[in-house]
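Visitor: Sending over a structure as structure tokens; questions will come in a sec.
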There are 2 protein chains.
Amino acid sequence: MIDELSALRKIEEKFHTVSKGVEVGIGDDAAAVKITPGGLLLVTTDSQVEGVHFTKTLISADTLARKSVAVSVSDIGAMGGVPRYILASVGFSGDEDEDYLSQMINGFRESEKEFGVELIGGNLSSSAKLFLDITSLGEVEPENVVKRTGASEGDLIYVSGTLGDSALGLTLLQEGVVRDESKKLIERHMYPRPRLELGRQLAVRRAANSMIDVSDGLLLDLGRITVDKGLGARIYADKLPLSGGYKSIVSDYTECFYELALSGGEDYELLFTTAQDNKDYVSEIASSVGTDITEIGIVNTAPAIEIIDSNGDEIKLNRRGFTHFNN
Amino acid sequence: MIDELSALRKIEEKFHTVSKGVEVGIGDDAAAVKITPGGLLLVTTDSQVEGVHFTKTLISADTLARKSVAVSVSDIGAMGGVPRYILASVGFSGDEDEDYLSQMINGFRESEKEFGVELIGGNLSSSAKLFLDITSLGEVEPENVVKRTGASEGDLIYVSGTLGDSALGLTLLQEGVVRDESKKLIERHMYPRPRLELGRQLAVRRAANSMIDVSDGLLLDLGRITVDKGLGARIYADKLPLSGGYKSIVSDYTECFYELALSGGEDYELLFTTAQDNKDYVSEIASSVGTDITEIGIVNTAPAIEIIDSNGDEIKLNRRGFTHFNN
């Protein structure tokens with residue numbers, strides 16, 4: 001059992017923030033920070049709930065803390081911004097002990113370094129099930145912000161990295177089956193790598209006209225930048241970027257080879273659109289930050305998403321996305 | 001059962017933000033807002049968890065939503081700031097229906113008007129028990145921010161409004177006993193009124209050298225601006241501001257007449273310190289905003305809080321504060 005006051009003391013000790021942007025850090029009614037004059041403040045919040053987003057026996061406290069931050073700052077990157085600060089609101093179930101808290105603190109400290117953020121506040125509560133709700137604050141120049149709105153007919157659709165690994169990794173993790181391919185896929189699920197640098201460069205160099213991170217599955221998130229905006233998209237299934245691990249074992253788990261790449265969640269890759277004559281430009285930007293990107297389709301005006309296989313036939317899926325809600 | 005996507009659509013529809021400070025509102029990866037150049041950004045987060053902070057059968061969804069915002073913006077006021085934006089991260093338990101969601105949305109809309117904020121983002125999830133985690137963003141000029149640090153020996157201690165009503169109201173609510181005095185006390189628990197205007201004026205007019213809102217009980221919160229900063233305090237029990245309802249019935253519920261005023265939680269009054277020669281000044285400020293304030297004691301150097309009764313004897317309490325954690 002963790003005592004609130006001693007936990008707060010421990011946290012205040014570890015996160016005694018000293019950067020010059022922070023006027024008031026943890027330990028007051030609210031944090032007070034400086035924001036670059038003329039910049040836009042970006043803010044987003046995401047929660048990880050035990051039994052819904054994670055199983056406590058399958059993830060350590062530090063990995064969980066890091067993942068909850070990764071997932072949240074990913075949204076800042078998808079706007080073209082730079083993450084700066086985080087707040088952590090944690091509901092402890094009463095099963096956690098001091099060691100668990102220490103590990104969680106370590107996870108937050110690691111993510112501070114990895115993502116260039118500072119933990120400046122939060123809240124502790126008790127709860128039936130453990131939850132972590134992370135608020136991320138970031139900054140972006142007004143002229144560089146990349147929204148979900150902005151695609152036009154004929155634009156090319158790109159995605160970073162590979163798709164479906166996280167969903168497949170989760171399946172492997174839950175089954176407890178150890179295969180040669182398991183490790184990398186499970187790692188994709190446990191340690192999402194938000195594409196902060198790619199998002200930032202695409203924004204600063206005005207290469208993406210719309211962008212989103214793939215958190216609920218490609219189709220659902222693609223719908224948010226196309227169908228929801230009165231547009232449509234055609235996706236070429238054989239162009240979808242798939243990892244070696246995915247290709248070698250996904251057929252053991254799903255009937256449709258592409259299902260998890262199309263609708264599996266938690267990839268945290270960047271999905272963006274760009275004008276047709278930007279092909280070389282976006283390739284060059286992706287190379288410069290060392291992240292692979294793949295052209296997977298084209299924006300059209302049909303208010304739907306069409307997936308085409310290598311024969312030119314349409315693939316129909318029952319499950320069009322992945323959501324933690326109602327799971 | 002609430003469906004995430006239709007809930008999101010409903011929320012986006014209702015909170016289609018149009019103010020000129022909001023560049024991107026609900027419905028993108030992150031919200032993007034303008035912050036007054038040179039100002040400090042204030043940010044704080046607070047959660048309300050079913051079974052810990054509230055009982056679903058005792059509070060309606062709109063009152064709950066409003067209260068969760070009130071509690072969060074109270075922290076912005078206690079820094080001397082002006083609340084601007086809120087984000088709501090909600091975990092639905094699955095027991096809530098569309099009506100519940102609509103009521104909750106109404107509660108958020110009411111609090112937008114009441115507290116001058118805009119709901120610009122959030123997150124929906126499922127959860128074993130309903131929770132609301134509210135992040136509030138506010139602004140304050142760097143020279144006006146009032147921290148928990150700043151009191152000195154000899155400073156006077158003031159508190160706004162009356163103390164203990166909320167804790168007594170909660171007792172009445174839980175017992176289901178209806179008395180003449182119940183209504184007002186229960187209302188204090190259900191509809192906390194953050195002292196935003198008082199906090200702001202004390203800050204702008206540099207009248208308070210330290211300030212905090214009383215959320216966990218007077219003694220615990222007073223400790224945060226005195227004992228935690230190497231100081232102490234002497235409180236005169238007979239000076240504590242008590243409502244008529246409190247005075248007439250508290251003895252039916254507690255052995256010590258002052259207990260709930262000293263350690264009952266959720267008052268959301270402002271507790272602040274000021275130099276001795278500021279007596280008239282702070283009275284005038286309180287009058288100008290129409291909020292009662294009461295001088296209740298003095299800051300000293302003893303690293304403890306002493307409560308003195310009308311005979312000059314010390315009152316000892318077992319329970320020194322109120323916390324939702326581990327409850």
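Identifiers for the structure tokens are assigned positionally: chains receive A, B, ... in sequence, residues are indexed from 1 per chain, and ligands are indexed from 1 in the order shown.
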With chain A as the partner and 8 Å as the cut-off, tabulate the residues of chain B that qualify, each row holding the nearest pair of atoms and their distance in Å to one decimal, using only C-alpha atoms, sorted by chain and rising number, as a Markdown table.

Guide:
```
| residue | atom | partner | partner_atom | distance |
| --- | --- | --- | --- | --- |
| B:Asp3 | CA | A:Asn326 | CA | 7.2 |
| B:Glu4 | CA | A:Phe325 | CA | 6.0 |
| B:Val24 | CA | A:Lys147 | CA | 7.9 |
| B:Asp28 | CA | A:Arg148 | CA | 6.1 |
| B:Asp29 | CA | A:Asp75 | CA | 5.0 |
| B:Ala30 | CA | A:Thr44 | CA | 4.7 |
| B:Ala31 | CA | A:Val43 | CA | 5.3 |
| B:Ala32 | CA | A:Leu42 | CA | 4.5 |
| B:Val33 | CA | A:Leu41 | CA | 5.2 |
| B:Lys34 | CA | A:Leu40 | CA | 5.1 |
| B:Ile35 | CA | A:Leu41 | CA | 6.9 |
| B:Thr36 | CA | A:Pro37 | CA | 7.7 |
| B:Pro37 | CA | A:Pro37 | CA | 4.8 |
| B:Gly38 | CA | A:Pro37 | CA | 6.5 |
| B:Gly39 | CA | A:Lys34 | CA | 7.1 |
| B:Leu40 | CA | A:Lys34 | CA | 5.1 |
| B:Leu41 | CA | A:Val33 | CA | 5.2 |
| B:Leu42 | CA | A:Ala32 | CA | 4.5 |
| B:Val43 | CA | A:Ala31 | CA | 5.3 |
| B:Thr44 | CA | A:Ala30 | CA | 4.7 |
| B:Thr45 | CA | A:Gly122 | CA | 5.6 |
| B:Asp46 | CA | A:Asn123 | CA | 5.8 |
| B:Ser47 | CA | A:Asn123 | CA | 7.2 |
| B:Val49 | CA | A:Ser127 | CA | 6.4 |
| B:Glu50 | CA | A:Ser127 | CA | 7.9 |
| B:Gly51 | CA | A:Ser127 | CA | 7.9 |
| B:Val52 | CA | A:Ser126 | CA | 6.8 |
| B:Asp75 | CA | A:Asp29 | CA | 5.0 |
| B:Ile76 | CA | A:Ala30 | CA | 6.2 |
| B:Ala78 | CA | A:Asp29 | CA | 6.6 |
| B:Met79 | CA | A:Asp29 | CA | 6.7 |
| B:Leu87 | CA | A:Thr45 | CA | 7.4 |
| B:Ser89 | CA | A:Thr45 | CA | 6.8 |
| B:Gly94 | CA | A:Asn326 | CA | 7.4 |
| B:Gly121 | CA | A:Thr44 | CA | 6.7 |
| B:Gly122 | CA | A:Thr45 | CA | 5.7 |
| B:Asn123 | CA | A:Asp46 | CA | 5.8 |
| B:Leu124 | CA | A:Phe325 | CA | 7.4 |
| B:Ser125 | CA | A:Phe325 | CA | 5.2 |
| B:Ser126 | CA | A:Phe325 | CA | 5.2 |
| B:Ser127 | CA | A:Val49 | CA | 6.4 |
| B:Ala128 | CA | A:Lys129 | CA | 6.7 |
| B:Lys129 | CA | A:Ala128 | CA | 6.7 |
| B:Asp133 | CA | A:Asp133 | CA | 7.6 |
| B:Thr135 | CA | A:Thr135 | CA | 7.6 |
| B:Lys147 | CA | A:Asp28 | CA | 6.7 |
| B:Arg148 | CA | A:Asp28 | CA | 6.1 |
| B:Ile212 | CA | A:Asp29 | CA | 6.5 |
| B:Asp213 | CA | A:Asp29 | CA | 7.6 |
| B:His324 | CA | A:Ser125 | CA | 6.6 |
| B:Phe325 | CA | A:Ser125 | CA | 5.1 |
| B:Asn326 | CA | A:Ser126 | CA | 6.0 |
| B:Asn327 | CA | A:Ser126 | CA | 7.6 |
```

Visitor: Could you write out the selected residues, including N, CA and C atoms, as a compact mmCIF listing (two decimals), in the first residue's frame?

Guide:
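File produced: again-v8.txt:
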```txt
# COMPACT_ATOMS: atom_id res chain seq x y z
N ASP B 3 -20.88 4.28 -26.87
CA ASP B 3 -19.95 3.93 -27.93
C ASP B 3 -18.96 5.07 -28.13
N GLU B 4 -17.66 4.73 -28.15
CA GLU B 4 -16.63 5.77 -28.17
C GLU B 4 -16.78 6.73 -29.35
N VAL B 24 -6.60 25.11 -32.59
CA VAL B 24 -7.13 23.77 -32.83
C VAL B 24 -7.84 23.31 -31.56
N ASP B 28 -8.53 16.79 -32.84
CA ASP B 28 -7.24 16.57 -33.50
C ASP B 28 -6.35 15.80 -32.52
N ASP B 29 -5.10 15.56 -32.89
CA ASP B 29 -4.23 14.80 -31.99
C ASP B 29 -4.02 15.53 -30.68
N ALA B 30 -3.88 16.85 -30.78
CA ALA B 30 -3.71 17.69 -29.59
C ALA B 30 -4.43 19.00 -29.87
N ALA B 31 -4.79 19.70 -28.82
CA ALA B 31 -5.34 21.04 -28.98
C ALA B 31 -4.17 22.02 -29.14
N ALA B 32 -4.42 23.14 -29.82
CA ALA B 32 -3.39 24.17 -29.98
C ALA B 32 -4.01 25.50 -29.60
N VAL B 33 -3.41 26.16 -28.61
CA VAL B 33 -3.95 27.43 -28.14
C VAL B 33 -2.86 28.50 -28.04
N LYS B 34 -3.30 29.74 -28.12
CA LYS B 34 -2.37 30.85 -27.97
C LYS B 34 -2.27 31.22 -26.49
N ILE B 35 -1.08 31.56 -26.06
CA ILE B 35 -0.85 31.98 -24.68
C ILE B 35 -0.34 33.43 -24.75
N THR B 36 -0.85 34.28 -23.83
CA THR B 36 -0.45 35.68 -23.83
C THR B 36 1.08 35.79 -23.74
N PRO B 37 1.70 36.49 -24.69
CA PRO B 37 3.16 36.59 -24.67
C PRO B 37 3.65 37.16 -23.34
N GLY B 38 4.67 36.55 -22.81
CA GLY B 38 5.24 37.03 -21.54
C GLY B 38 4.54 36.48 -20.32
N GLY B 39 3.38 35.88 -20.50
CA GLY B 39 2.65 35.32 -19.37
C GLY B 39 3.17 33.95 -19.00
N LEU B 40 2.87 33.53 -17.77
CA LEU B 40 3.20 32.16 -17.38
C LEU B 40 1.97 31.30 -17.64
N LEU B 41 2.22 30.11 -18.12
CA LEU B 41 1.15 29.13 -18.27
C LEU B 41 1.04 28.34 -16.97
N LEU B 42 -0.18 28.26 -16.43
CA LEU B 42 -0.43 27.46 -15.24
C LEU B 42 -1.12 26.17 -15.67
N VAL B 43 -0.73 25.05 -15.08
CA VAL B 43 -1.36 23.79 -15.46
C VAL B 43 -1.45 22.86 -14.26
N THR B 44 -2.59 22.23 -14.14
CA THR B 44 -2.85 21.35 -12.99
C THR B 44 -3.83 20.27 -13.40
N THR B 45 -3.78 19.14 -12.70
CA THR B 45 -4.71 18.05 -13.03
C THR B 45 -5.27 17.44 -11.74
N ASP B 46 -6.54 17.07 -11.77
CA ASP B 46 -7.24 16.51 -10.61
C ASP B 46 -8.21 15.45 -11.04
N SER B 47 -8.29 14.38 -10.29
CA SER B 47 -9.24 13.34 -10.68
C SER B 47 -10.32 13.10 -9.64
N VAL B 49 -12.77 9.93 -8.74
CA VAL B 49 -12.93 8.51 -9.02
C VAL B 49 -14.15 7.96 -8.26
N GLU B 50 -14.99 7.24 -8.98
CA GLU B 50 -16.19 6.63 -8.38
C GLU B 50 -15.79 5.70 -7.24
N GLY B 51 -16.51 5.81 -6.14
CA GLY B 51 -16.22 4.95 -4.99
C GLY B 51 -15.13 5.51 -4.10
N VAL B 52 -14.39 6.51 -4.62
CA VAL B 52 -13.33 7.15 -3.83
C VAL B 52 -13.74 8.60 -3.54
N ASP B 75 -7.35 25.33 -8.26
CA ASP B 75 -5.89 25.35 -8.15
C ASP B 75 -5.27 26.48 -8.97
N ILE B 76 -5.89 26.82 -10.08
CA ILE B 76 -5.40 27.93 -10.90
C ILE B 76 -5.62 29.24 -10.12
N ALA B 78 -5.75 29.58 -6.93
CA ALA B 78 -4.87 29.62 -5.76
C ALA B 78 -3.44 30.03 -6.12
N MET B 79 -3.13 30.08 -7.43
CA MET B 79 -1.83 30.59 -7.88
C MET B 79 -1.95 32.06 -8.29
N LEU B 87 -9.18 20.20 -20.20
CA LEU B 87 -9.24 18.93 -20.93
C LEU B 87 -9.86 17.91 -19.99
N SER B 89 -10.43 13.93 -19.29
CA SER B 89 -10.16 12.54 -19.58
C SER B 89 -11.15 11.73 -18.75
N GLY B 94 -19.13 1.59 -18.22
CA GLY B 94 -20.02 0.71 -18.99
C GLY B 94 -21.45 0.76 -18.46
N GLY B 121 -10.13 19.63 -25.21
CA GLY B 121 -9.62 18.30 -25.50
C GLY B 121 -9.91 17.34 -24.39
N GLY B 122 -9.39 16.13 -24.54
CA GLY B 122 -9.60 15.12 -23.53
C GLY B 122 -9.36 13.75 -24.08
N ASN B 123 -9.93 12.78 -23.42
CA ASN B 123 -9.73 11.39 -23.79
C ASN B 123 -10.90 10.58 -23.26
N LEU B 124 -11.34 9.59 -24.02
CA LEU B 124 -12.37 8.68 -23.53
C LEU B 124 -11.78 7.28 -23.45
N SER B 125 -12.12 6.59 -22.38
CA SER B 125 -11.60 5.25 -22.19
C SER B 125 -12.67 4.45 -21.46
N SER B 126 -12.47 3.16 -21.33
CA SER B 126 -13.33 2.44 -20.40
C SER B 126 -12.51 2.15 -19.16
N SER B 127 -13.19 1.81 -18.08
CA SER B 127 -12.56 1.69 -16.77
C SER B 127 -13.50 0.87 -15.88
N ALA B 128 -12.95 0.18 -14.89
CA ALA B 128 -13.82 -0.59 -13.99
C ALA B 128 -14.81 0.34 -13.30
N LYS B 129 -14.31 1.49 -12.85
CA LYS B 129 -15.16 2.48 -12.21
C LYS B 129 -15.03 3.80 -12.97
N ASP B 133 -10.79 12.92 -15.05
CA ASP B 133 -9.52 13.54 -14.74
C ASP B 133 -9.48 14.85 -15.52
N THR B 135 -7.74 18.38 -16.55
CA THR B 135 -6.54 19.22 -16.62
C THR B 135 -7.01 20.64 -16.88
N LYS B 147 2.84 31.61 -4.80
CA LYS B 147 3.23 30.23 -4.57
C LYS B 147 2.88 29.79 -3.15
N ARG B 148 3.22 28.54 -2.84
CA ARG B 148 3.05 28.06 -1.47
C ARG B 148 4.19 28.55 -0.59
N ILE B 212 -2.87 28.93 -0.95
CA ILE B 212 -3.19 27.54 -1.31
C ILE B 212 -4.71 27.41 -1.20
N ASP B 213 -5.30 26.51 -1.96
CA ASP B 213 -6.73 26.26 -1.72
C ASP B 213 -6.89 25.10 -0.74
N HIS B 324 -8.20 11.69 0.13
CA HIS B 324 -8.98 10.70 -0.58
C HIS B 324 -8.15 9.47 -0.86
N PHE B 325 -6.86 9.63 -0.69
CA PHE B 325 -5.95 8.55 -0.99
C PHE B 325 -6.05 7.52 0.12
N ASN B 326 -6.12 6.25 -0.23
CA ASN B 326 -6.25 5.15 0.74
C ASN B 326 -7.58 5.15 1.47
N ASN B 327 -8.49 5.98 1.06
CA ASN B 327 -9.80 5.94 1.73
C ASN B 327 -10.59 4.72 1.28
```

Visitor: Calculate how many Å separate CA of Asp228 (chain B) from CA of Ala304 (chain B), rounding to one decimal.

Guide: 9.3 Å

Visitor: I need the residues of region 125-168 of chain B that end up classed as alpha helix (DSSP H) by DSSP on the backbone, written out as a list in words.

Guide: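 The alpha helix (DSSP H) residues within region 125-168 of chain B come out as Asp165, Ser166, Ala167 and Leu168 of chain B.
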
Visitor: Next, write the just-selected residues to a file, as an mmCIF file, in the first residue's frame, keeping all heavy atoms as the atom set.

Guide:
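Written file, again.cif:
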```cif
data_model
loop_
_atom_site.group_PDB
_atom_site.id
_atom_site.type_symbol
_atom_site.label_atom_id
_atom_site.label_comp_id
_atom_site.auth_asym_id
_atom_site.auth_seq_id
_atom_site.Cartn_x
_atom_site.Cartn_y
_atom_site.Cartn_z
ATOM 1 N N ASP B 165 -17.924 22.909 6.203
ATOM 2 C CA ASP B 165 -19.288 22.670 5.700
ATOM 3 C C ASP B 165 -19.342 21.488 4.730
ATOM 4 O O ASP B 165 -20.270 20.686 4.768
ATOM 5 C CB ASP B 165 -19.821 23.905 4.974
ATOM 6 C CG ASP B 165 -19.998 25.078 5.923
ATOM 7 O OD1 ASP B 165 -20.126 24.844 7.147
ATOM 8 O OD2 ASP B 165 -19.992 26.231 5.440
ATOM 9 N N SER B 166 -18.348 21.403 3.874
ATOM 10 C CA SER B 166 -18.362 20.354 2.861
ATOM 11 C C SER B 166 -18.259 18.975 3.510
ATOM 12 O O SER B 166 -18.996 18.049 3.156
ATOM 13 C CB SER B 166 -17.213 20.571 1.878
ATOM 14 O OG SER B 166 -17.123 19.494 0.983
ATOM 15 N N ALA B 167 -17.365 18.852 4.475
ATOM 16 C CA ALA B 167 -17.186 17.558 5.148
ATOM 17 C C ALA B 167 -18.449 17.182 5.918
ATOM 18 O O ALA B 167 -18.869 16.018 5.916
ATOM 19 C CB ALA B 167 -15.981 17.617 6.089
ATOM 20 N N LEU B 168 -19.067 18.172 6.552
ATOM 21 C CA LEU B 168 -20.302 17.913 7.287
ATOM 22 C C LEU B 168 -21.437 17.583 6.306
ATOM 23 O O LEU B 168 -22.236 16.680 6.545
ATOM 24 C CB LEU B 168 -20.654 19.132 8.148
ATOM 25 C CG LEU B 168 -21.845 18.990 9.097
ATOM 26 C CD1 LEU B 168 -21.707 17.777 10.019
ATOM 27 C CD2 LEU B 168 -21.997 20.271 9.940
#
```

Visitor: Name the residues in contact with Gly265 (chain A) at a cut-off of 10 Å, using only C-alpha atoms, excluding same-chain residues fewer than 2 positions from it; report them as a list in words.

Guide: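 Residues near the query, excluding close chain neighbours: Leu163, Gly164, Asp165, Ser166, Ala167, Leu168, Leu170, His189, Val214, Ser215, Asp216, Gly217, Leu218, Leu219, Leu220, Asp221, Leu260, Ala261, Leu262, Ser263, Asp267, Tyr268, Gly321, Phe322, Thr323 and His324 of chain A.
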
Visitor: Near Ala286 (chain A), within 12 Å and counting only C-alpha atoms, which residues show up once chain neighbours fewer than 5 positions away are dropped, as a VMD selection string?

Guide: chain A and resid 158 to 161 195 to 202 205 207 to 208 270 279 to 281 291 to 295

Visitor: Per DSSP on the backbone, filter region 242-280 of chain B down to the residues in strand (DSSP E) and report them as a ChimeraX atom specification.

Guide: /B:269-274

Visitor: I'd like the interatomic distance between CA of Thr63 (chain A) and CA of Met104 (chain A), to a tenth of an Å.

Guide: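 According to the coordinates, CA of Thr63 (chain A) and CA of Met104 (chain A) are separated by 7.9 Å.
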
Visitor: May I have the residues within 8 Å of Ile298 (chain B) as a PyMOL selection string, using only C-alpha atoms and disregarding those fewer than 4 positions away in the same chain?

Guide: chain B and resi 153-157+233-235

Visitor: May I have the selected residues written with C-alpha atoms, as a PDB file, in the first residue's frame?

Guide:
```pdb
ATOM      1  CA  GLU B 153       7.376  34.746  10.799  1.00  0.00           C
ATOM      2  CA  GLY B 154       4.734  37.145  12.074  1.00  0.00           C
ATOM      3  CA  ASP B 155       2.571  37.044   8.950  1.00  0.00           C
ATOM      4  CA  LEU B 156      -1.161  36.864   9.459  1.00  0.00           C
ATOM      5  CA  ILE B 157      -3.084  33.801   8.274  1.00  0.00           C
ATOM      6  CA  ALA B 233       1.610  28.451  12.770  1.00  0.00           C
ATOM      7  CA  ARG B 234      -0.643  29.258  15.681  1.00  0.00           C
ATOM      8  CA  ILE B 235      -4.362  29.030  14.932  1.00  0.00           C
TER       9      ILE B 235
END
```

Visitor: Find the spatial neighbours of Gly245 (chain A), counting only C-alpha atoms, within a cut-off of 8 Å - ignore same-chain residues fewer than 2 positions away - and output them as a ChimeraX atom specification.

Guide: /A:165,181-182,184-185,243,247-250
